[in-house]
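The next block is upload-v6.json, given as JSON, C-alpha atoms.
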[["chain", "number", "residue", "atom", "x", "y", "z"],
["S", 1, "MET", "CA", -44.29, 65.19, -7.73],
["S", 2, "THR", "CA", -41.64, 62.95, -6.36],
["S", 3, "GLU", "CA", -40.82, 59.67, -8.03],
["S", 4, "PRO", "CA", -41.36, 56.48, -5.95],
["S", 5, "GLU", "CA", -38.17, 55.09, -4.49],
["S", 6, "ALA", "CA", -36.67, 52.07, -6.22],
["S", 7, "PRO", "CA", -37.06, 48.80, -4.25],
["S", 8, "ALA", "CA", -34.04, 47.82, -2.16],
["S", 9, "PRO", "CA", -31.91, 45.16, -3.87],
["S", 10, "GLN", "CA", -31.62, 43.06, -0.69],
["S", 11, "PRO", "CA", -34.34, 40.48, -1.57],
["S", 12, "ARG", "CA", -32.59, 39.74, -4.87],
["S", 13, "ARG", "CA", -29.31, 39.20, -3.07],
["S", 14, "ARG", "CA", -31.05, 36.87, -0.66],
["S", 15, "ARG", "CA", -32.58, 34.91, -3.50],
["S", 16, "LEU", "CA", -29.22, 34.66, -5.26],
["S", 17, "LEU", "CA", -27.55, 33.47, -2.07],
["S", 18, "PHE", "CA", -30.25, 30.84, -1.59],
["S", 19, "VAL", "CA", -29.80, 29.56, -5.14],
["S", 20, "LEU", "CA", -26.04, 29.30, -4.72],
["S", 21, "LEU", "CA", -26.36, 27.40, -1.45],
["S", 22, "GLY", "CA", -28.81, 25.07, -3.12],
["S", 23, "ALA", "CA", -26.31, 24.44, -5.90],
["S", 24, "VAL", "CA", -23.60, 23.66, -3.34],
["S", 25, "VAL", "CA", -25.87, 21.18, -1.59],
["S", 26, "VAL", "CA", -26.74, 19.49, -4.88],
["S", 27, "LEU", "CA", -23.05, 19.38, -5.80],
["S", 28, "ALA", "CA", -22.17, 17.77, -2.46],
["S", 29, "ILE", "CA", -24.84, 15.14, -3.00],
["S", 30, "LEU", "CA", -23.55, 14.43, -6.49],
["S", 31, "VAL", "CA", -19.95, 14.13, -5.26],
["S", 32, "VAL", "CA", -20.83, 11.71, -2.45],
["S", 33, "GLY", "CA", -23.29, 9.78, -4.58],
["S", 34, "GLY", "CA", -20.85, 9.61, -7.49],
["S", 35, "THR", "CA", -18.08, 8.36, -5.18],
["S", 36, "ALA", "CA", -20.35, 5.61, -3.83],
["S", 37, "VAL", "CA", -21.18, 4.50, -7.39],
["S", 38, "TYR", "CA", -17.47, 4.57, -8.33],
["S", 39, "ILE", "CA", -16.38, 2.51, -5.30],
["S", 40, "ASN", "CA", -19.20, -0.03, -5.42],
["S", 41, "PHE", "CA", -19.69, -0.49, -9.16],
["S", 42, "ILE", "CA", -16.69, 0.85, -11.10],
["S", 43, "LYS", "CA", -13.53, 0.64, -8.98],
["S", 44, "LYS", "CA", -11.76, -2.70, -9.01],
["S", 45, "ASP", "CA", -11.42, -4.41, -5.67],
["S", 46, "ALA", "CA", -7.95, -4.17, -4.13],
["S", 47, "PRO", "CA", -5.98, -7.41, -4.54],
["S", 48, "GLU", "CA", -6.01, -9.73, -1.56],
["S", 49, "GLU", "CA", -3.22, -9.43, 0.97],
["S", 50, "PHE", "CA", -0.11, -11.44, 0.21],
["S", 51, "SER", "CA", -0.31, -14.99, 1.55],
["S", 52, "LEU", "CA", 1.24, -18.39, 1.04],
["S", 53, "ALA", "CA", -0.86, -20.50, -1.30],
["S", 54, "GLN", "CA", -2.21, -23.56, 0.45],
["S", 55, "PRO", "CA", -0.51, -26.72, -0.81],
["S", 56, "GLY", "CA", -2.74, -29.35, -2.36],
["S", 57, "GLU", "CA", -3.50, -32.69, -0.73],
["S", 58, "ASN", "CA", -1.00, -34.36, -3.05],
["S", 59, "ALA", "CA", 1.77, -31.82, -2.51],
["S", 60, "SER", "CA", 5.09, -33.40, -3.30],
["S", 61, "VAL", "CA", 7.47, -34.23, -0.49],
["S", 62, "ALA", "CA", 10.55, -32.05, -0.47],
["S", 63, "PRO", "CA", 13.65, -34.10, -1.17],
["S", 64, "ALA", "CA", 16.08, -34.50, 1.69],
["S", 65, "GLY", "CA", 18.92, -32.05, 1.52],
["S", 66, "SER", "CA", 20.39, -28.86, 2.83],
["S", 67, "LEU", "CA", 19.12, -25.30, 2.68],
["S", 68, "SER", "CA", 22.69, -24.02, 2.89],
["S", 69, "GLY", "CA", 23.82, -21.73, 0.11],
["S", 70, "SER", "CA", 22.92, -18.52, -1.64],
["S", 71, "TRP", "CA", 19.35, -17.95, -2.82],
["S", 72, "ALA", "CA", 18.26, -15.30, -5.34],
["S", 73, "ILE", "CA", 14.90, -13.57, -5.79],
["S", 74, "ALA", "CA", 12.83, -15.49, -8.34],
["S", 75, "GLY", "CA", 10.65, -14.05, -11.08],
["S", 76, "GLY", "CA", 7.10, -13.30, -10.00],
["S", 77, "SER", "CA", 8.11, -12.04, -6.57],
["S", 78, "GLU", "CA", 6.25, -8.90, -5.47],
["S", 79, "VAL", "CA", 6.24, -6.18, -2.85],
["S", 80, "GLY", "CA", 3.54, -3.61, -2.30],
["S", 81, "TYR", "CA", 1.47, -1.46, 0.02],
["S", 82, "ARG", "CA", -2.09, -1.44, 1.33],
["S", 83, "VAL", "CA", -3.71, 1.59, 2.93],
["S", 84, "LYS", "CA", -7.27, 2.34, 4.01],
["S", 85, "GLU", "CA", -8.79, 5.40, 2.34],
["S", 86, "VAL", "CA", -11.93, 7.44, 2.93],
["S", 87, "LEU", "CA", -13.16, 9.08, -0.29],
["S", 88, "PHE", "CA", -15.81, 11.68, 0.48],
["S", 89, "GLY", "CA", -17.13, 9.54, 3.34],
["S", 90, "GLN", "CA", -16.83, 6.20, 1.52],
["S", 91, "ASP", "CA", -14.42, 3.56, 2.85],
["S", 92, "THR", "CA", -12.13, 1.79, 0.41],
["S", 93, "THR", "CA", -8.69, 0.15, 0.27],
["S", 94, "ALA", "CA", -5.85, 1.29, -1.96],
["S", 95, "ALA", "CA", -3.14, -1.18, -2.95],
["S", 96, "GLY", "CA", -0.06, -0.82, -5.13],
["S", 97, "ARG", "CA", 2.45, -3.47, -6.17],
["S", 98, "THR", "CA", 5.58, -4.07, -8.19],
["S", 99, "LYS", "CA", 7.45, -7.13, -9.43],
["S", 100, "LYS", "CA", 10.66, -5.18, -9.89],
["S", 101, "VAL", "CA", 12.35, -6.73, -6.87],
["S", 102, "THR", "CA", 15.91, -7.99, -6.57],
["S", 103, "GLY", "CA", 17.93, -9.46, -3.74],
["S", 104, "SER", "CA", 19.51, -12.51, -2.18],
["S", 105, "LEU", "CA", 19.48, -14.68, 0.94],
["S", 106, "THR", "CA", 22.36, -16.68, 2.40],
["S", 107, "ILE", "CA", 21.70, -19.70, 4.63],
["S", 108, "ALA", "CA", 24.30, -21.65, 6.60],
["S", 109, "GLY", "CA", 22.87, -24.87, 7.98],
["S", 110, "SER", "CA", 19.52, -23.78, 9.36],
["S", 111, "VAL", "CA", 20.43, -20.12, 9.98],
["S", 112, "ALA", "CA", 19.77, -17.24, 7.61],
["S", 113, "THR", "CA", 22.96, -15.23, 7.98],
["S", 114, "LYS", "CA", 22.52, -12.53, 5.37],
["S", 115, "ALA", "CA", 19.72, -11.09, 3.27],
["S", 116, "SER", "CA", 19.01, -7.92, 1.32],
["S", 117, "PHE", "CA", 16.10, -7.01, -0.94],
["S", 118, "THR", "CA", 15.47, -3.95, -3.12],
["S", 119, "ALA", "CA", 12.28, -2.69, -4.79],
["S", 120, "GLN", "CA", 12.11, -0.11, -7.58],
["S", 121, "MET", "CA", 9.58, 2.38, -6.20],
["S", 122, "ALA", "CA", 8.72, 4.17, -9.45],
["S", 123, "SER", "CA", 7.34, 0.88, -10.79],
["S", 124, "VAL", "CA", 4.75, 0.52, -8.00],
["S", 125, "THR", "CA", 1.28, 0.80, -9.54],
["S", 126, "SER", "CA", -2.31, 0.59, -8.34],
["S", 127, "ASP", "CA", -5.67, 0.68, -10.12],
["S", 128, "GLU", "CA", -5.67, 4.49, -10.23],
["S", 129, "SER", "CA", -3.14, 6.50, -12.26],
["S", 130, "ARG", "CA", -3.76, 9.71, -10.29],
["S", 131, "ARG", "CA", -2.88, 7.90, -7.06],
["S", 132, "ASP", "CA", 0.27, 6.53, -8.72],
["S", 133, "ASN", "CA", 1.30, 10.01, -9.85],
["S", 134, "GLN", "CA", 0.93, 11.26, -6.27],
["S", 135, "PHE", "CA", 2.87, 8.23, -5.01],
["S", 136, "ARG", "CA", 5.79, 8.78, -7.38],
["S", 137, "GLY", "CA", 5.81, 12.55, -6.84],
["S", 138, "ARG", "CA", 4.85, 14.29, -3.62],
["S", 139, "ILE", "CA", 4.53, 11.19, -1.44],
["S", 140, "MET", "CA", 7.57, 8.98, -2.20],
["S", 141, "ASP", "CA", 9.58, 11.32, -4.49],
["S", 142, "THR", "CA", 10.91, 8.41, -6.51],
["S", 143, "ASP", "CA", 13.16, 10.66, -8.63],
["S", 144, "THR", "CA", 15.19, 11.40, -5.50],
["S", 145, "TYR", "CA", 14.63, 8.09, -3.71],
["S", 146, "PRO", "CA", 14.21, 5.46, -6.44],
["S", 147, "THR", "CA", 14.49, 2.37, -4.25],
["S", 148, "ALA", "CA", 13.30, 0.88, -0.97],
["S", 149, "THR", "CA", 15.45, -1.76, 0.73],
["S", 150, "PHE", "CA", 15.28, -4.28, 3.56],
["S", 151, "THR", "CA", 18.56, -5.64, 4.92],
["S", 152, "LEU", "CA", 18.73, -8.37, 7.56],
["S", 153, "ALA", "CA", 20.41, -7.06, 10.72],
["S", 154, "GLU", "CA", 20.63, -10.26, 12.79],
["S", 155, "PRO", "CA", 20.85, -13.97, 11.93],
["S", 156, "VAL", "CA", 17.55, -15.86, 11.89],
["S", 157, "ASP", "CA", 17.32, -19.46, 13.07],
["S", 158, "ILE", "CA", 14.98, -21.30, 10.71],
["S", 159, "GLY", "CA", 14.88, -24.47, 12.80],
["S", 160, "THR", "CA", 14.96, -28.02, 11.52],
["S", 161, "VAL", "CA", 14.88, -28.46, 7.76],
["S", 162, "PRO", "CA", 11.28, -29.19, 6.61],
["S", 163, "THR", "CA", 10.73, -32.67, 5.20],
["S", 164, "ASP", "CA", 7.72, -31.79, 3.04],
["S", 165, "SER", "CA", 6.31, -28.80, 1.16],
["S", 166, "LYS", "CA", 3.35, -28.42, 3.54],
["S", 167, "THR", "CA", 5.46, -27.46, 6.54],
["S", 168, "THR", "CA", 5.32, -23.74, 7.32],
["S", 169, "ARG", "CA", 8.02, -22.01, 9.32],
["S", 170, "THR", "CA", 7.20, -18.72, 11.10],
["S", 171, "VAL", "CA", 10.11, -16.54, 12.21],
["S", 172, "SER", "CA", 10.81, -12.95, 13.25],
["S", 173, "ALA", "CA", 13.44, -11.12, 11.23],
["S", 174, "LYS", "CA", 15.10, -7.91, 12.44],
["S", 175, "GLY", "CA", 16.38, -5.65, 9.72],
["S", 176, "ASP", "CA", 16.87, -2.13, 8.45],
["S", 177, "LEU", "CA", 14.07, -0.79, 6.26],
["S", 178, "VAL", "CA", 14.89, 2.19, 4.05],
["S", 179, "LEU", "CA", 11.98, 4.25, 2.69],
["S", 180, "ARG", "CA", 12.29, 7.72, 1.15],
["S", 181, "GLY", "CA", 15.90, 7.91, 2.32],
["S", 182, "GLN", "CA", 15.03, 7.23, 5.99],
["S", 183, "THR", "CA", 16.30, 4.10, 7.77],
["S", 184, "LYS", "CA", 14.48, 2.37, 10.64],
["S", 185, "ARG", "CA", 15.22, -0.86, 12.50],
["S", 186, "VAL", "CA", 12.11, -3.04, 12.19],
["S", 187, "THR", "CA", 10.96, -6.55, 13.07],
["S", 188, "MET", "CA", 9.01, -8.43, 10.43],
["S", 189, "THR", "CA", 7.13, -11.71, 10.92],
["S", 190, "LEU", "CA", 7.77, -14.06, 8.01],
["S", 191, "GLN", "CA", 6.10, -17.29, 6.97],
["S", 192, "SER", "CA", 8.02, -19.63, 4.68],
["S", 193, "ARG", "CA", 7.74, -22.98, 2.94],
["S", 194, "TRP", "CA", 10.39, -24.99, 1.09],
["S", 195, "ASP", "CA", 9.41, -27.27, -1.77],
["S", 196, "GLY", "CA", 12.84, -28.67, -2.42],
["S", 197, "THR", "CA", 13.78, -26.18, -5.13],
["S", 198, "SER", "CA", 12.45, -22.83, -3.92],
["S", 199, "ILE", "CA", 11.66, -21.02, -0.68],
["S", 200, "ARG", "CA", 8.34, -19.17, -0.69],
["S", 201, "THR", "CA", 8.13, -16.39, 1.89],
["S", 202, "VAL", "CA", 5.54, -13.76, 2.78],
["S", 203, "GLY", "CA", 5.65, -11.02, 5.39],
["S", 204, "GLN", "CA", 3.90, -7.80, 6.36],
["S", 205, "LEU", "CA", 5.08, -4.71, 8.19],
["S", 206, "PRO", "CA", 3.07, -1.68, 9.41],
["S", 207, "VAL", "CA", 4.57, 1.62, 8.23],
["S", 208, "VAL", "CA", 3.84, 4.96, 9.91],
["S", 209, "PHE", "CA", 4.28, 7.77, 7.37],
["S", 210, "THR", "CA", 5.94, 10.21, 9.78],
["S", 211, "ASP", "CA", 8.60, 7.65, 10.78],
["S", 212, "TYR", "CA", 10.06, 7.92, 7.28],
["S", 213, "GLY", "CA", 9.36, 11.57, 6.53],
["S", 214, "ILE", "CA", 6.58, 10.60, 4.13],
["S", 215, "PRO", "CA", 4.14, 13.52, 3.58],
["S", 216, "ASN", "CA", 0.56, 12.92, 4.65],
["S", 217, "PRO", "CA", -1.17, 11.55, 1.51],
["S", 218, "SER", "CA", -4.50, 13.07, 2.59],
["S", 219, "PHE", "CA", -6.05, 16.12, 0.97],
["S", 220, "PRO", "CA", -9.57, 17.63, 1.00],
["S", 221, "GLY", "CA", -12.15, 14.93, 0.37],
["S", 222, "ILE", "CA", -9.65, 12.06, 0.65],
["S", 223, "SER", "CA", -8.04, 10.85, 3.86],
["S", 224, "THR", "CA", -5.80, 7.87, 4.56],
["S", 225, "GLU", "CA", -5.17, 5.69, 7.57]]
Output the file's structure as structure tokens, nothing else.
Amino acid sequence: MTEPEAPAPQPRRRRLLFVLLGAVVVLAILVVGGTAVYINFIKKDAPEEFSLAQPGENASVAPAGSLSGSWAIAGGSEVGYRVKEVLFGQDTTAAGRTKKVTGSLTIAGSVATKASFTAQMASVTSDESRRDNQFRGRIMDTDTYPTATFTLAEPVDIGTVPTDSKTTRTVSAKGDLVLRGQTKRVTMTLQSRWDGTSIRTVGQLPVVFTDYGIPNPSFPGISTE
């Protein structure tokens, strides 16, 4: 008598393949679902964009005088970045900031004649340490390029001296921005107020990664604007 042939192993392989695909699907659902929970319930909201605080109704009138002279960066000044991220299909905003900023501004009459500001890039932090490690390492390589600078390239006419702390001046400033060792001539729109003792200024500037040789921060599952 001949023994019956053993059943072909193909059905078992099919069943195993089906189980594995099911596990992958479940994993994908868990990753996307977990990301949504993290963004909506755990992750801190990114800080608001920099802006000039609105003066109160009883804001003091700036004393008459001249803006001429040399001005230094005051404590509490900040620079930072904002970038839109997509984490496994979920939209969010990443923001990093530092208060380690130094620099000076020289004004003659109503014209800003010279200005230079420097930020310590390794001190830039966000709400996520893993993002900060990527920022300091592969993305900005802060060991090699520890600072970012903006240097005024052309004089800026501020206009008439404000007579109160509610007056806002908006100007365009051309300068050289240095990021990751690359220098580009840029134009930044600045808004400023003078309260008699200090000049408060805020400005924003779009940065394209490739213009400064910055590696694409994206990797599988996470993409950036």
Legend entry - Residue with smallest distance to Tyr81 of chain S - pool S:Val207, S:Lys114, S:Arg193, S:Ser198, counting only C-alpha atoms: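 Between S:Val207, S:Lys114, S:Arg193, S:Ser198, the residue approaching Tyr81 of chain S most closely is S:Val207.
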Inset, instruction - For the point (-3.3, 8.3, 8.6) in the file's frame, write as a list in words all residues with an atom no more than 10 Å away, counting all atoms listed in the file. - result: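 Checked against the point, the hits come out as Val83, Lys84, Glu85, Val208, Phe209, Thr210, Asn216, Pro217, Ser218, Ser223, Thr224 and Glu225 of chain S.
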Inset, instruction - Find the residue from S:Arg130, S:Arg97, S:Lys174, S:Lys166 that sits nearest to Ala53 of chain S; use all atoms listed in the file when measuring. - result: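 Closest to Ala53 of chain S, using all atoms listed in the file: S:Lys166.
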Legend entry - For Asp176 of chain S, the nearest of the candidates S:Asp141, S:Thr118, S:Asp164, S:Gln191, counting only C-alpha atoms: S:Thr118
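Of note, atom CA of Leu152 of chain S and atom CA of Ser126 of chain S are spaced 27.9 Å apart.
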Inset, instruction - Name the residues in contact with Gly103 of chain S at a cut-off of 8 Å, using all atoms listed in the file, excluding same-chain residues fewer than 2 positions from it; report them as a count of residues only. - result: 8
Legend entry - Contacts of Trp194 of chain S at 10 Å (only C-alpha atoms; same-chain gap of 2+ positions) as a PyMOL selection string: chain S and resi 61-63+67+161-169+192+196-201
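Atom CA of Gly69 of chain S is found 5.7 Å from atom CA of Thr106 of chain S.
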Inset, instruction - Grab the atom CA of Glu78 of chain S to atom CA of Pro206 of chain S distance for me, in Å with one decimal place. - result: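 Value for the atom CA of Glu78 of chain S-atom CA of Pro206 of chain S distance: 16.8 Å.
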Legend entry - Residue among S:Ser70, S:Gly80, S:Thr151, S:Gly213 lying closest to Thr187 of chain S, counting all atoms listed in the file: S:Thr151
